[in-house]
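Here is the file final11.tsv (TSV, C-alpha atoms (C1' of nucleotides)).
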chain	number	residue	atom	x	y	z
A	1	MET	CA	200.10	149.77	81.40
A	2	GLY	CA	200.95	146.28	80.34
A	3	ASN	CA	197.43	145.47	79.21
A	4	ILE	CA	197.18	142.62	76.74
A	5	TYR	CA	193.93	143.69	75.08
A	6	ASP	CA	192.64	147.05	73.89
A	7	VAL	CA	188.91	147.62	73.32
A	8	ARG	CA	189.57	149.19	69.92
A	9	THR	CA	191.36	146.14	68.52
A	10	TYR	CA	189.79	143.39	70.63
A	11	GLU	CA	188.23	140.50	68.74
A	12	PRO	CA	186.18	138.26	71.04
A	13	SER	CA	186.45	135.21	68.78
A	14	HIS	CA	190.25	135.29	68.95
A	15	SER	CA	190.57	136.08	72.63
A	16	ILE	CA	192.28	133.85	75.15
A	17	GLY	CA	189.08	133.67	77.20
A	18	TYR	CA	187.10	132.42	74.24
A	19	LEU	CA	189.77	129.87	73.27
A	20	MET	CA	190.09	128.61	76.83
A	21	THR	CA	186.34	128.07	77.10
A	22	ARG	CA	186.34	126.16	73.83
A	23	VAL	CA	189.29	123.96	74.83
A	24	LYS	CA	187.72	123.18	78.19
A	25	VAL	CA	184.41	122.20	76.55
A	26	GLU	CA	186.15	120.00	74.01
A	27	MET	CA	188.30	118.29	76.64
A	28	LEU	CA	185.37	117.40	78.86
A	29	ALA	CA	183.34	116.27	75.84
A	30	ALA	CA	186.22	114.01	74.81
A	31	LEU	CA	186.43	112.60	78.33
A	32	ASP	CA	182.67	111.98	78.33
A	33	ARG	CA	182.97	110.10	75.04
A	34	GLU	CA	185.80	107.93	76.44
A	35	LEU	CA	183.79	107.21	79.58
A	36	ALA	CA	180.73	106.28	77.52
A	37	ALA	CA	182.79	104.02	75.24
A	38	ASP	CA	184.41	102.03	78.06
A	39	PRO	CA	182.61	98.71	78.66
A	40	HIS	CA	182.85	98.83	82.47
A	41	LEU	CA	182.49	102.55	83.12
A	42	SER	CA	179.61	103.10	80.70
A	43	ALA	CA	177.58	100.67	82.83
A	44	LEU	CA	178.10	102.97	85.81
A	45	GLY	CA	177.05	105.95	83.72
A	46	VAL	CA	179.78	108.14	85.15
A	47	THR	CA	180.11	111.60	83.61
A	48	SER	CA	183.18	113.81	83.46
A	49	ALA	CA	181.78	116.06	86.20
A	50	GLN	CA	181.20	113.07	88.48
A	51	PHE	CA	184.64	111.77	87.59
A	52	ILE	CA	186.30	114.98	88.77
A	53	VAL	CA	184.60	114.74	92.16
A	54	LEU	CA	185.30	111.04	92.50
A	55	VAL	CA	188.99	111.55	91.78
A	56	ARG	CA	189.19	113.83	94.78
A	57	LEU	CA	187.69	111.23	97.06
A	58	VAL	CA	189.70	108.23	95.90
A	59	GLY	CA	193.01	109.98	95.35
A	60	THR	CA	193.53	110.83	99.00
A	61	SER	CA	193.69	108.97	102.26
A	62	ASN	CA	192.15	111.53	104.63
A	63	ARG	CA	188.43	111.87	105.08
A	64	LYS	CA	186.68	114.72	103.33
A	65	SER	CA	183.37	116.50	103.73
A	66	ALA	CA	181.25	118.08	101.00
A	67	THR	CA	182.53	121.49	102.09
A	68	ASP	CA	186.14	120.34	101.69
A	69	LEU	CA	185.40	119.28	98.12
A	70	CYS	CA	183.64	122.56	97.41
A	71	LYS	CA	186.70	124.50	98.52
A	72	GLU	CA	189.09	122.37	96.48
A	73	LEU	CA	187.02	122.58	93.32
A	74	SER	CA	185.43	126.05	93.77
A	75	TYR	CA	182.10	124.31	93.69
A	76	ASP	CA	178.70	125.47	94.89
A	77	ALA	CA	177.46	123.78	98.08
A	78	GLY	CA	173.98	123.16	96.73
A	79	ALA	CA	175.35	121.70	93.52
A	80	MET	CA	177.62	119.46	95.57
A	81	THR	CA	174.73	118.06	97.59
A	82	ARG	CA	172.99	116.98	94.40
A	83	MET	CA	176.22	115.69	92.90
A	84	ILE	CA	176.76	113.46	95.96
A	85	ASP	CA	173.14	112.30	95.63
A	86	ARG	CA	173.82	111.09	92.10
A	87	LEU	CA	177.12	109.43	93.03
A	88	GLU	CA	175.48	107.77	96.02
A	89	LYS	CA	172.60	106.49	93.90
A	90	LYS	CA	175.15	104.88	91.60
A	91	GLY	CA	176.83	103.24	94.59
A	92	LEU	CA	180.16	105.00	94.09
A	93	VAL	CA	180.13	107.11	97.24
A	94	ARG	CA	178.92	106.77	100.85
A	95	ARG	CA	177.78	109.44	103.32
A	96	MET	CA	178.85	109.02	106.94
A	97	ARG	CA	177.66	111.42	109.62
A	98	CYS	CA	180.46	112.58	111.93
A	99	MET	CA	179.71	111.84	115.60
A	100	GLN	CA	182.03	114.51	117.00
A	101	ASP	CA	180.52	117.30	114.91
A	102	ARG	CA	177.05	116.31	113.84
A	103	ARG	CA	176.89	119.06	111.22
A	104	LEU	CA	179.58	117.24	109.27
A	105	ILE	CA	179.08	114.39	106.83
A	106	TYR	CA	182.20	112.55	105.75
A	107	LEU	CA	182.29	111.18	102.24
A	108	GLU	CA	183.92	107.93	101.25
A	109	ALA	CA	184.33	106.17	97.94
A	110	THR	CA	182.85	102.67	97.92
A	111	ASP	CA	184.83	99.64	96.77
A	112	GLU	CA	183.11	99.97	93.42
A	113	GLY	CA	184.12	103.63	93.20
A	114	ARG	CA	187.70	102.78	94.11
A	115	ALA	CA	187.78	99.96	91.55
A	116	ALA	CA	186.78	102.30	88.74
A	117	TYR	CA	189.46	104.82	89.65
A	118	PRO	CA	192.55	103.44	87.79
A	119	ARG	CA	190.70	103.17	84.49
A	120	MET	CA	189.35	106.70	84.93
A	121	LEU	CA	192.81	108.04	85.58
A	122	GLU	CA	194.11	106.36	82.44
A	123	MET	CA	191.39	108.06	80.41
A	124	SER	CA	192.07	111.45	81.91
A	125	VAL	CA	195.76	111.14	81.09
A	126	ALA	CA	195.06	109.85	77.57
A	127	VAL	CA	192.66	112.68	76.75
A	128	GLN	CA	194.99	115.37	78.03
A	129	ASN	CA	197.99	113.90	76.23
A	130	ARG	CA	195.98	113.89	73.04
A	131	PHE	CA	195.08	117.55	73.41
A	132	LEU	CA	198.70	118.41	74.24
A	133	ARG	CA	200.04	116.50	71.26
A	134	GLY	CA	202.82	118.42	69.51
A	135	LEU	CA	203.74	120.38	72.65
A	136	GLU	CA	207.11	119.86	74.30
A	137	GLN	CA	207.54	119.42	78.05
A	138	GLU	CA	208.85	122.97	78.15
A	139	ASP	CA	205.65	124.20	76.45
A	140	ALA	CA	203.50	122.31	78.94
A	141	ARG	CA	205.49	123.80	81.80
A	142	ARG	CA	204.97	127.31	80.43
A	143	LEU	CA	201.26	126.71	79.81
A	144	LYS	CA	200.82	125.48	83.36
A	145	ASP	CA	202.70	128.51	84.63
A	146	TYR	CA	200.45	130.90	82.68
A	147	LEU	CA	197.31	129.20	83.97
A	148	THR	CA	198.55	129.27	87.55
A	149	ARG	CA	199.33	132.97	87.30
A	150	MET	CA	195.89	133.67	85.83
A	151	LEU	CA	194.28	131.75	88.67
A	152	ASN	CA	196.22	133.84	91.17
A	153	ASN	CA	194.98	137.00	89.47
A	154	ALA	CA	191.40	135.85	90.01
A	155	GLY	CA	191.26	136.25	93.76
B	1	MET	CA	206.35	109.19	72.52
B	2	GLY	CA	206.23	112.83	73.42
B	3	ASN	CA	203.46	112.37	75.97
B	4	ILE	CA	203.22	115.11	78.58
B	5	TYR	CA	201.63	113.03	81.33
B	6	ASP	CA	202.30	109.53	82.66
B	7	VAL	CA	199.66	107.67	84.65
B	8	ARG	CA	202.19	106.73	87.33
B	9	THR	CA	203.12	110.33	88.14
B	10	TYR	CA	199.92	112.11	87.10
B	11	GLU	CA	198.32	114.35	89.70
B	12	PRO	CA	194.83	115.48	88.67
B	13	SER	CA	194.87	118.57	90.85
B	14	HIS	CA	197.99	119.92	89.14
B	15	SER	CA	197.03	119.01	85.58
B	16	ILE	CA	196.54	121.50	82.78
B	17	GLY	CA	192.97	120.31	82.27
B	18	TYR	CA	192.09	120.97	85.89
B	19	LEU	CA	193.74	124.40	85.87
B	20	MET	CA	192.06	125.38	82.63
B	21	THR	CA	188.65	124.45	83.97
B	22	ARG	CA	189.30	126.50	87.09
B	23	VAL	CA	190.50	129.56	85.16
B	24	LYS	CA	187.50	129.39	82.83
B	25	VAL	CA	185.08	129.20	85.76
B	26	GLU	CA	186.75	132.11	87.53
B	27	MET	CA	186.80	134.27	84.40
B	28	LEU	CA	183.11	133.80	83.67
B	29	ALA	CA	182.26	134.34	87.33
B	30	ALA	CA	184.24	137.59	87.27
B	31	LEU	CA	182.42	138.67	84.11
B	32	ASP	CA	179.07	137.84	85.71
B	33	ARG	CA	179.98	139.98	88.72
B	34	GLU	CA	180.93	142.90	86.47
B	35	LEU	CA	177.69	142.54	84.52
B	36	ALA	CA	175.66	142.44	87.73
B	37	ALA	CA	177.47	145.48	89.13
B	38	ASP	CA	176.93	147.70	86.08
B	39	PRO	CA	173.94	150.06	86.54
B	40	HIS	CA	172.60	149.68	82.99
B	41	LEU	CA	173.40	146.05	82.23
B	42	SER	CA	172.24	144.69	85.58
B	43	ALA	CA	168.77	146.00	84.72
B	44	LEU	CA	168.80	143.81	81.61
B	45	GLY	CA	169.94	140.84	83.68
B	46	VAL	CA	172.42	139.73	81.06
B	47	THR	CA	174.62	136.80	82.04
B	48	SER	CA	178.05	135.88	80.70
B	49	ALA	CA	176.57	133.06	78.62
B	50	GLN	CA	174.03	135.41	77.05
B	51	PHE	CA	176.77	137.96	76.51
B	52	ILE	CA	178.83	135.50	74.47
B	53	VAL	CA	175.90	134.78	72.15
B	54	LEU	CA	174.97	138.45	71.86
B	55	VAL	CA	178.53	139.40	70.91
B	56	ARG	CA	178.27	137.07	67.94
B	57	LEU	CA	175.10	138.74	66.72
B	58	VAL	CA	176.15	142.35	67.18
B	59	GLY	CA	179.77	141.99	66.14
B	60	THR	CA	178.99	141.09	62.54
B	61	SER	CA	177.04	142.58	59.66
B	62	ASN	CA	175.72	139.43	57.97
B	63	ARG	CA	172.55	137.70	59.11
B	64	LYS	CA	172.89	134.58	61.20
B	65	SER	CA	170.63	131.69	62.07
B	66	ALA	CA	170.60	129.68	65.29
B	67	THR	CA	172.48	126.91	63.51
B	68	ASP	CA	175.21	129.34	62.43
B	69	LEU	CA	175.71	130.36	66.05
B	70	CYS	CA	175.75	126.73	67.16
B	71	LYS	CA	178.55	125.96	64.71
B	72	GLU	CA	180.61	128.99	65.73
B	73	LEU	CA	180.30	128.32	69.44
B	74	SER	CA	180.06	124.50	69.40
B	75	TYR	CA	176.68	124.88	71.01
B	76	ASP	CA	173.79	122.45	71.25
B	77	ALA	CA	170.78	123.29	69.05
B	78	GLY	CA	168.23	122.70	71.79
B	79	ALA	CA	170.21	124.82	74.22
B	80	MET	CA	170.43	127.57	71.62
B	81	THR	CA	166.65	127.63	71.14
B	82	ARG	CA	166.17	128.24	74.85
B	83	MET	CA	169.01	130.77	74.94
B	84	ILE	CA	167.34	132.77	72.14
B	85	ASP	CA	164.05	132.53	74.07
B	86	ARG	CA	165.67	134.21	77.07
B	87	LEU	CA	167.38	136.88	74.96
B	88	GLU	CA	164.14	137.56	73.08
B	89	LYS	CA	162.18	137.84	76.33
B	90	LYS	CA	164.68	140.48	77.46
B	91	GLY	CA	164.19	142.36	74.20
B	92	LEU	CA	167.81	142.01	73.10
B	93	VAL	CA	167.24	139.76	70.08
B	94	ARG	CA	164.58	139.33	67.38
B	95	ARG	CA	163.58	136.22	65.41
B	96	MET	CA	162.77	136.68	61.70
B	97	ARG	CA	161.57	133.80	59.58
B	98	CYS	CA	163.35	133.53	56.25
B	99	MET	CA	160.94	133.65	53.30
B	100	GLN	CA	163.24	131.91	50.84
B	101	ASP	CA	163.88	128.91	53.09
B	102	ARG	CA	161.08	128.68	55.60
B	103	ARG	CA	163.05	126.29	57.83
B	104	LEU	CA	165.43	129.13	58.61
B	105	ILE	CA	165.00	131.80	61.26
B	106	TYR	CA	167.36	134.73	61.08
B	107	LEU	CA	168.42	136.34	64.33
B	108	GLU	CA	169.00	140.04	64.80
B	109	ALA	CA	170.08	142.11	67.76
B	110	THR	CA	167.57	144.80	68.69
B	111	ASP	CA	168.57	148.44	69.15
B	112	GLU	CA	168.68	147.77	72.87
B	113	GLY	CA	170.97	144.79	72.34
B	114	ARG	CA	173.24	146.82	70.09
B	115	ALA	CA	173.29	149.68	72.60
B	116	ALA	CA	174.54	147.38	75.36
B	117	TYR	CA	177.33	145.98	73.21
B	118	PRO	CA	180.14	148.57	73.74
B	119	ARG	CA	179.88	148.41	77.51
B	120	MET	CA	179.90	144.62	77.40
B	121	LEU	CA	182.99	144.61	75.25
B	122	GLU	CA	184.74	146.92	77.70
B	123	MET	CA	183.98	144.52	80.53
B	124	SER	CA	185.20	141.52	78.63
B	125	VAL	CA	188.48	143.27	77.87
B	126	ALA	CA	188.86	144.49	81.44
B	127	VAL	CA	188.26	141.07	82.96
B	128	GLN	CA	190.68	139.33	80.61
B	129	ASN	CA	193.35	141.97	81.12
B	130	ARG	CA	193.00	141.51	84.86
B	131	PHE	CA	193.49	137.75	84.59
B	132	LEU	CA	196.46	138.25	82.27
B	133	ARG	CA	198.11	140.77	84.59
B	134	GLY	CA	201.84	140.18	84.85
B	135	LEU	CA	202.04	138.46	81.48
B	136	GLU	CA	203.94	140.07	78.61
B	137	GLN	CA	202.59	140.31	75.07
B	138	GLU	CA	204.96	137.50	74.15
B	139	ASP	CA	203.49	135.32	76.91
B	140	ALA	CA	199.95	136.04	75.71
B	141	ARG	CA	200.98	135.18	72.16
B	142	ARG	CA	202.43	131.85	73.35
B	143	LEU	CA	199.39	131.06	75.48
B	144	LYS	CA	197.08	131.74	72.55
B	145	ASP	CA	199.25	129.53	70.36
B	146	TYR	CA	199.09	126.66	72.85
B	147	LEU	CA	195.30	126.94	73.12
B	148	THR	CA	194.87	127.04	69.36
B	149	ARG	CA	197.01	123.93	68.95
B	150	MET	CA	195.02	122.14	71.65
B	151	LEU	CA	191.80	123.06	69.90
B	152	ASN	CA	193.16	121.65	66.64
B	153	ASN	CA	194.02	118.41	68.44
B	154	ALA	CA	190.39	118.08	69.52
B	155	GLY	CA	188.88	117.29	66.13
C	1	DG	C1'	155.36	113.28	40.85
C	2	DT	C1'	156.53	110.30	44.86
C	3	DA	C1'	159.61	108.42	48.20
C	4	DC	C1'	163.56	109.30	50.76
C	5	DA	C1'	167.24	111.87	52.87
C	6	DA	C1'	168.93	116.18	54.74
C	7	DT	C1'	168.27	120.43	57.24
C	8	DG	C1'	166.52	123.78	60.86
C	9	DT	C1'	163.91	124.49	64.80
C	10	DC	C1'	161.69	123.08	68.80
C	11	DG	C1'	160.38	120.40	72.99
C	12	DG	C1'	161.05	116.95	76.64
C	13	DC	C1'	164.25	114.82	79.87
C	14	DC	C1'	168.61	114.50	81.96
C	15	DT	C1'	172.87	116.42	84.35
C	16	DA	C1'	174.80	120.52	86.11
C	17	DG	C1'	176.08	125.04	88.60
C	18	DG	C1'	174.85	129.61	91.15
C	19	DC	C1'	172.10	131.94	94.59
C	20	DA	C1'	169.10	132.59	98.49
C	21	DG	C1'	166.78	130.93	102.32
C	22	DA	C1'	165.78	127.17	105.84
C	23	DT	C1'	167.41	124.00	109.30
C	24	DA	C1'	170.49	121.79	112.58
C	25	DT	C1'	174.60	121.91	115.06
C	26	DA	C1'	178.58	124.06	117.23
C	27	DT	C1'	181.12	127.91	119.24
C	28	DA	C1'	182.02	132.41	121.37
C	29	DC	C1'	180.63	135.61	124.56
C	30	DA	C1'	178.07	138.58	127.75
D	1	DT	C1'	172.70	130.29	131.24
D	2	DG	C1'	171.02	132.53	127.24
D	3	DT	C1'	172.10	134.75	122.95
D	4	DA	C1'	174.38	135.81	118.94
D	5	DT	C1'	177.39	134.13	115.37
D	6	DA	C1'	179.48	130.76	112.49
D	7	DT	C1'	179.36	126.44	110.09
D	8	DA	C1'	177.47	122.36	107.28
D	9	DT	C1'	174.04	120.61	104.77
D	10	DC	C1'	169.93	120.71	102.25
D	11	DT	C1'	166.06	122.55	99.25
D	12	DG	C1'	163.79	125.46	95.80
D	13	DC	C1'	164.26	128.31	91.87
D	14	DC	C1'	166.86	130.03	88.14
D	15	DT	C1'	170.11	129.61	84.04
D	16	DA	C1'	172.48	126.40	81.30
D	17	DG	C1'	174.17	122.51	78.08
D	18	DG	C1'	173.77	117.60	75.92
D	19	DC	C1'	170.95	114.07	73.81
D	20	DC	C1'	167.06	112.44	71.47
D	21	DG	C1'	162.90	112.51	69.04
D	22	DA	C1'	159.09	115.32	66.76
D	23	DC	C1'	157.91	118.31	63.14
D	24	DA	C1'	158.04	121.20	59.06
D	25	DT	C1'	160.56	122.38	55.07
D	26	DT	C1'	163.73	121.60	51.43
D	27	DG	C1'	166.55	118.99	48.23
D	28	DT	C1'	167.47	114.69	45.72
D	29	DA	C1'	166.93	110.13	43.54
D	30	DC	C1'	163.97	107.31	41.11

Re-express the file's structure as structure tokens.
Amino acid sequence: MGNIYDVRTYEPSHSIGYLMTRVKVEMLAALDRELAADPHLSALGVTSAQFIVLVRLVGTSNRKSATDLCKELSYDAGAMTRMIDRLEKKGLVRRMRCMQDRRLIYLEATDEGRAAYPRMLEMSVAVQNRFLRGLEQEDARRLKDYLTRMLNNAG
Amino acid sequence: MGNIYDVRTYEPSHSIGYLMTRVKVEMLAALDRELAADPHLSALGVTSAQFIVLVRLVGTSNRKSATDLCKELSYDAGAMTRMIDRLEKKGLVRRMRCMQDRRLIYLEATDEGRAAYPRMLEMSVAVQNRFLRGLEQEDARRLKDYLTRMLNNAG
DNA sequence: GTACAATGTCGGCCTAGGCAGATATATACA
DNA sequence: TGTATATATCTGCCTAGGCCGACATTGTAC
């Protein structure tokens, strides 16, 4: 009842799942190209994946641990450790052991990381606007609504 | 003119790009869980990424090369070589050198690969229907339209 | 025919994520 | 107190994709 797809008529190459994967790949690839083309950011060698993590650290005032980021981004803990390693090596992020709870390590964007933030945000907005070209605000609202509902169906 | 996002009000964590990435991750993770839970398919150790490639080989009658698949799926050639290696090692795919053009290698699903196909398709449909629960056919049509238009904006 | 460009595959090297197990720390409880 | 459990991070091993260069093969220009 109410199923969108039926096995007998389902065509993988036209499915919403397939399209969504393609769009996601193309959007991140476009963002990577923008990042690589920017004079300042290309020197840092920041990738779209690193960008997404960095945004979470700069765009908030309260301190965050690796676990916090993992929860926000549905990220694997092991992957996050290595991601922080790369960001730290590039001087964009600092690790600071918490003295109250010594299991915890708070993460903080460095001045350099914070300085790169505005330009990164511009790029993110530009890329998304380009992909959403031709859509009205009402369309974007609906699309966001669909995606949110799908995400709720995941759990 | 007509831009959806503005840098001054943009919130990364509520953006369509962020949501789409999340939904994609959750959908593939759900598919991986289904694949791992199935008695027959778990023995093959097929992942969602391998599934997507396999679908393209089984779901068509004409012969395909690695390059053909790369074009269809916007896939990297080097990555495809290694993907085929894994599928071949699992006995799901065969490589066959073309005699007319000896640069070409045609790919073919084995009987085992073909046998696994129907069950895989069922899972794909089931997972997508679950994520689309609560959406009407008209909603799905709109969503697909939005994604298609975004994909066209990529090029 | 030879030189050059184009094509298809492959292999390293990088980033990247998932999973399982190890370690250190903190907390709850008998 | 001692013990079990939970939490946070880290490490090793796997799959996985992007980029670049190597290599063989084919097609094209001269």

Residue among A:Gln137, A:Asn152, A:Leu54, A:Gly17 lying closest to Arg86 in chain A, counting all atoms listed in the file
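Ranked by minimum distance to Arg86 in chain A, first place goes to A:Leu54.
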
Output as an mmCIF file with C-alpha atoms, keeping the file's coordinate frame the set of chain A residues within 8 Å of chain D, with distances taken over all atoms listed in the file.
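Ended up saving to selection_2.cif:
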data_model
loop_
_atom_site.group_PDB
_atom_site.id
_atom_site.type_symbol
_atom_site.label_atom_id
_atom_site.label_comp_id
_atom_site.auth_asym_id
_atom_site.auth_seq_id
_atom_site.Cartn_x
_atom_site.Cartn_y
_atom_site.Cartn_z
ATOM 1 C CA THR A 67 182.530 121.490 102.090
ATOM 2 C CA GLY A 78 173.980 123.160 96.730
ATOM 3 C CA THR A 81 174.730 118.060 97.590
ATOM 4 C CA ARG A 103 176.890 119.060 111.220
ATOM 5 C CA LEU A 104 179.580 117.240 109.270
#

What's the separation between CA of Lys89 in chain A and C1' of DC14 in chain C, in Å to one decimal place?
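C1' of DC14 in chain C lies 14.9 Å from CA of Lys89 in chain A.
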
Only residues of chain C matter here; which ones have an atom within 8 Å of chain B, counting all atoms listed in the file? Give them as number ranges by chain.
C: 7-10

Separation of CA of Val127 in chain A from CA of Thr21 in chain B, in Å and rounded to one decimal
14.4 Å

As an exercise, work out the distance from CA of Ala43 in chain A to CA of Gly59 in chain A in Å and give it to one decimal place.
21.9 Å
